[in-house]
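Asks: Sharing a structure with you now.
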Amino acid sequence: MSKVSTVSDVSDVRGTNGKRLLDVRGLATAFDTSEGIVRAVDGVDFHVGEGETVALVGESGCGKSVTALSILRLVQAPAGRIVAGRIELAGVNLLELPEAEMRKVRGAKIAMIFQEPMTSLNPVLTVGYQIAEAVRLHRGLSKREAWKEAVRVLDLVEIPDAAERAAGYPHQLSGGMRQRVMIAMALSCDPRLLIADEPTTALDVTIQAQILELLDSLRARLGMALLLITHDLGVVAERAERVLVMYAGRVIEEGPVDRVFAEPHHPYTRGLLRSVPRLGRERAPLATIPGVVPKLNALPAGCRFRDRCDAAVAECASVDPALEPLGEGRRVACIVATRRGGLES
C-alpha cells in the first residue's frame with residue numbers, strides 16, 4: 001500500500017537556498033456551466049523558489065485567480081474541480097492530501113490575500129477575533145495568547161493603535177486598513193508562501209504604494225516566497241523577480257522580469273507592454289490588442305491567441321504551441337517566436 005502524505009511531511013517547507021518551494025505541473029481546473037465544460041486552467045506549469053517573488057499577469061478571465069484557488073484546493077465543488085496535474089509543496093503533492101491535512105496547510109504553510117477584503121472579513125466579528133481564530137486553529141494557543149498574537153501582527157503590518165483596532169469591526173476601518181488586516185491574518189501563522197491576489201484592487205495610488213512596500217518589507221524580513229497576481233505591469237517591474245504571462249488558461253511566456261520586459265517574445269506579452277502608458281512619450285492613443293479573449297468552451301483550433309495576433313502565420317491555425325525553452329530561464333509558447341529565437345519588440 002502506498003504511503004499517504006500528511007502535513008508533517010511539509011513541516012519544513014523552506015528547504016535550502018535555490019530549492020523550489022512550490023512546483024505546479026500540468027494543472028487543469030474545469031467548471032461545469034450551462035454552456036458546457038470550461039477549462040479555466042488548462043495545463044499550467046510553473047514553480048516558485050524559496051524566498052522568491054513571482055508575478056502572474058494577464059487580462060481578466062485568463063485563469064490567474066483560479067490557479068491560486070487551485071493551489072489551495074479552494075475551487076468550489078461540484079461545479080468546479082481540479083481534473084489533472086500536481087501541486088507540490090516541498091515535494092509533497094497537495095492534491096493527494098486528505099482534506100483534514102489540507103486544512104492544516106491553508107494558512108499555516110500557504111496563505112492568501114484575496115482581492116476584496118470587505119467580502120473576505122466577517123462583518124459581525126472583530127478583526128482581532130478573526131486573526132486570533134486562525135492562530136488558535138493552527139498554533140494551538142490559548143485565547144489570551146492568540147489575542148496578543150493578533151495585536152502583534154496588526155502592529156507588524158503597521159496599523160496604528162493595534163490593540164484598539166483589534167477590538168474594531170471591518171466597517172470601522174478604511175479600505176487600506178482592511179487590506180492590512182488581511183495581510184496580518186495571512187502572516188499570523190508564519191506561512192512560507194504568500195499568494196497575493198490583486199492586493200491593491202480598489203485602493204488609491206498612495207495606499208497601493210504603501211501596501212506594496214509593506215509586502216516587500218515583510219517578505220524580506222520573514223523570508224517567505226510571494227506569488228503576486230496582478231494586471232499592473234508597473235508593479236511587476238518594481239516588485240517581482242520572475243514573471244508568468246497567462247492567456248486563456250495557459251502560461252504563454254515565462255522569464256526574469258527584466259529580460260521579458262526588455263525583449264518580450266510572445267506577441268501577447270508584447271501587446272500588453274505596448275498598452276502601458278509611459279511618461280515623456282508624445283501624446284498618442286494607447287496601443288491596444290484587437291479582439292477579446294476567446295470563450296474557454298469554444299477555443300479556436302491551433303494557437304489560442306492567433307485571431308488577435310499580429311505575427312500569426314498559416315501554421316498557427318493548426319499547431320497548439322507548448323512552452324519551449326529559449327535560454328536564460330525563459331520559455332515561450334509561440335511557434336514563430338521559437339523559430340526566430342524571439343520576436344522583435
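As shown in the C-alpha cells, the chain order sets the letters A, B, ...; within each chain, residues go from 1, and ligands are also counted from 1 in the order they appear.
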With only C-alpha atoms as the counted atoms, please give the residues lying no more than 10 Å from Ala132 (chain A), apart from itself and same-chain residues fewer than 4 positions off, as a PDB file with N, CA, C and O atoms, in the first residue's frame.
Replies:
```pdb
ATOM      1  N   THR A 126     -14.973  41.025  15.382  1.00  0.00           N
ATOM      2  CA  THR A 126     -13.873  41.980  15.403  1.00  0.00           C
ATOM      3  C   THR A 126     -12.695  41.434  14.594  1.00  0.00           C
ATOM      4  O   THR A 126     -12.533  40.219  14.446  1.00  0.00           O
ATOM      5  N   VAL A 127     -11.884  42.337  14.087  1.00  0.00           N
ATOM      6  CA  VAL A 127     -10.754  41.890  13.277  1.00  0.00           C
ATOM      7  C   VAL A 127      -9.758  41.114  14.140  1.00  0.00           C
ATOM      8  O   VAL A 127      -9.132  40.145  13.666  1.00  0.00           O
ATOM      9  N   GLY A 128      -9.623  41.493  15.388  1.00  0.00           N
ATOM     10  CA  GLY A 128      -8.725  40.765  16.283  1.00  0.00           C
ATOM     11  C   GLY A 128      -9.185  39.336  16.507  1.00  0.00           C
ATOM     12  O   GLY A 128      -8.375  38.402  16.521  1.00  0.00           O
ATOM     13  N   ARG A 136      -5.265  30.307  16.847  1.00  0.00           N
ATOM     14  CA  ARG A 136      -5.639  29.206  17.748  1.00  0.00           C
ATOM     15  C   ARG A 136      -5.764  27.889  16.989  1.00  0.00           C
ATOM     16  O   ARG A 136      -5.358  26.825  17.468  1.00  0.00           O
ATOM     17  N   LEU A 137      -6.322  27.957  15.784  1.00  0.00           N
ATOM     18  CA  LEU A 137      -6.530  26.746  14.988  1.00  0.00           C
ATOM     19  C   LEU A 137      -5.214  26.105  14.592  1.00  0.00           C
ATOM     20  O   LEU A 137      -5.041  24.887  14.713  1.00  0.00           O
ATOM     21  N   LEU A 141      -2.670  28.010  20.458  1.00  0.00           N
ATOM     22  CA  LEU A 141      -2.504  28.944  21.567  1.00  0.00           C
ATOM     23  C   LEU A 141      -3.812  29.122  22.329  1.00  0.00           C
ATOM     24  O   LEU A 141      -4.899  28.859  21.810  1.00  0.00           O
ATOM     25  N   SER A 142      -3.702  29.596  23.569  1.00  0.00           N
ATOM     26  CA  SER A 142      -4.896  29.907  24.357  1.00  0.00           C
ATOM     27  C   SER A 142      -5.553  31.166  23.792  1.00  0.00           C
ATOM     28  O   SER A 142      -4.967  31.879  22.967  1.00  0.00           O
ATOM     29  N   LYS A 143      -6.771  31.470  24.250  1.00  0.00           N
ATOM     30  CA  LYS A 143      -7.464  32.659  23.771  1.00  0.00           C
ATOM     31  C   LYS A 143      -6.663  33.921  24.050  1.00  0.00           C
ATOM     32  O   LYS A 143      -6.542  34.805  23.194  1.00  0.00           O
ATOM     33  N   ARG A 144      -6.111  34.010  25.265  1.00  0.00           N
ATOM     34  CA  ARG A 144      -5.348  35.200  25.634  1.00  0.00           C
ATOM     35  C   ARG A 144      -4.080  35.316  24.783  1.00  0.00           C
ATOM     36  O   ARG A 144      -3.740  36.395  24.288  1.00  0.00           O
ATOM     37  N   GLU A 145      -3.371  34.212  24.629  1.00  0.00           N
ATOM     38  CA  GLU A 145      -2.142  34.233  23.826  1.00  0.00           C
ATOM     39  C   GLU A 145      -2.446  34.554  22.364  1.00  0.00           C
ATOM     40  O   GLU A 145      -1.694  35.296  21.711  1.00  0.00           O
ATOM     41  N   ALA A 146      -3.541  33.989  21.855  1.00  0.00           N
ATOM     42  CA  ALA A 146      -3.910  34.227  20.461  1.00  0.00           C
ATOM     43  C   ALA A 146      -4.284  35.695  20.245  1.00  0.00           C
ATOM     44  O   ALA A 146      -3.945  36.275  19.202  1.00  0.00           O
ATOM     45  N   TRP A 147      -4.948  36.301  21.218  1.00  0.00           N
ATOM     46  CA  TRP A 147      -5.295  37.717  21.095  1.00  0.00           C
ATOM     47  C   TRP A 147      -4.036  38.579  21.092  1.00  0.00           C
ATOM     48  O   TRP A 147      -3.922  39.522  20.297  1.00  0.00           O
ATOM     49  N   LYS A 148      -3.090  38.268  21.960  1.00  0.00           N
ATOM     50  CA  LYS A 148      -1.819  39.006  21.981  1.00  0.00           C
ATOM     51  C   LYS A 148      -1.095  38.875  20.640  1.00  0.00           C
ATOM     52  O   LYS A 148      -0.504  39.834  20.137  1.00  0.00           O
ATOM     53  N   GLU A 149      -1.160  37.681  20.054  1.00  0.00           N
ATOM     54  CA  GLU A 149      -0.517  37.461  18.766  1.00  0.00           C
ATOM     55  C   GLU A 149      -1.229  38.251  17.669  1.00  0.00           C
ATOM     56  O   GLU A 149      -0.585  38.790  16.753  1.00  0.00           O
ATOM     57  N   ALA A 150      -2.562  38.352  17.763  1.00  0.00           N
ATOM     58  CA  ALA A 150      -3.325  39.137  16.793  1.00  0.00           C
ATOM     59  C   ALA A 150      -2.907  40.603  16.847  1.00  0.00           C
ATOM     60  O   ALA A 150      -2.720  41.253  15.809  1.00  0.00           O
ATOM     61  N   VAL A 151      -2.761  41.126  18.048  1.00  0.00           N
ATOM     62  CA  VAL A 151      -2.328  42.516  18.209  1.00  0.00           C
ATOM     63  C   VAL A 151      -0.905  42.689  17.662  1.00  0.00           C
ATOM     64  O   VAL A 151      -0.586  43.688  17.012  1.00  0.00           O
ATOM     65  N   ALA A 166      -7.743  46.153  16.993  1.00  0.00           N
ATOM     66  CA  ALA A 166      -8.092  44.731  17.071  1.00  0.00           C
ATOM     67  C   ALA A 166      -9.506  44.533  17.599  1.00  0.00           C
ATOM     68  O   ALA A 166     -10.182  43.563  17.254  1.00  0.00           O
ATOM     69  N   MET A 185      -3.616  38.750   8.920  1.00  0.00           N
ATOM     70  CA  MET A 185      -4.209  37.424   9.081  1.00  0.00           C
ATOM     71  C   MET A 185      -3.414  36.374   8.308  1.00  0.00           C
ATOM     72  O   MET A 185      -3.175  35.263   8.799  1.00  0.00           O
ATOM     73  N   SER A 188      -0.149  35.595  10.198  1.00  0.00           N
ATOM     74  CA  SER A 188      -0.251  35.249  11.615  1.00  0.00           C
ATOM     75  C   SER A 188       0.307  33.872  11.957  1.00  0.00           C
ATOM     76  O   SER A 188       0.699  33.632  13.101  1.00  0.00           O
TER      77      SER A 188
END
```
Asks: Residues within 9 Å of Leu222 (chain A), please, as a list in words. Count only C-alpha atoms; anything in the same chain fewer than 2 positions from it doesn't count.
Replies: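 Non-adjacent residues within range: Gly51, Asp190, Arg192, Ser217, Leu218, Arg219, Ala220 and Met224 of chain A.
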Asks: Taking the chain letters and numbering used in this document, name the residues of region 143-345 of chain A that DSSP puts in strand (DSSP E), as an MDAnalysis selection string.
Replies: chainID A and resid 193:197 225:229 242:247 250:256 324:327 330:332
Asks: How many Å separate CA of Leu154 (chain A) from CA of Leu22 (chain A)?
Replies: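 If I compute the distance from CA of Leu154 (chain A) to CA of Leu22 (chain A), I get 27.3 Å.
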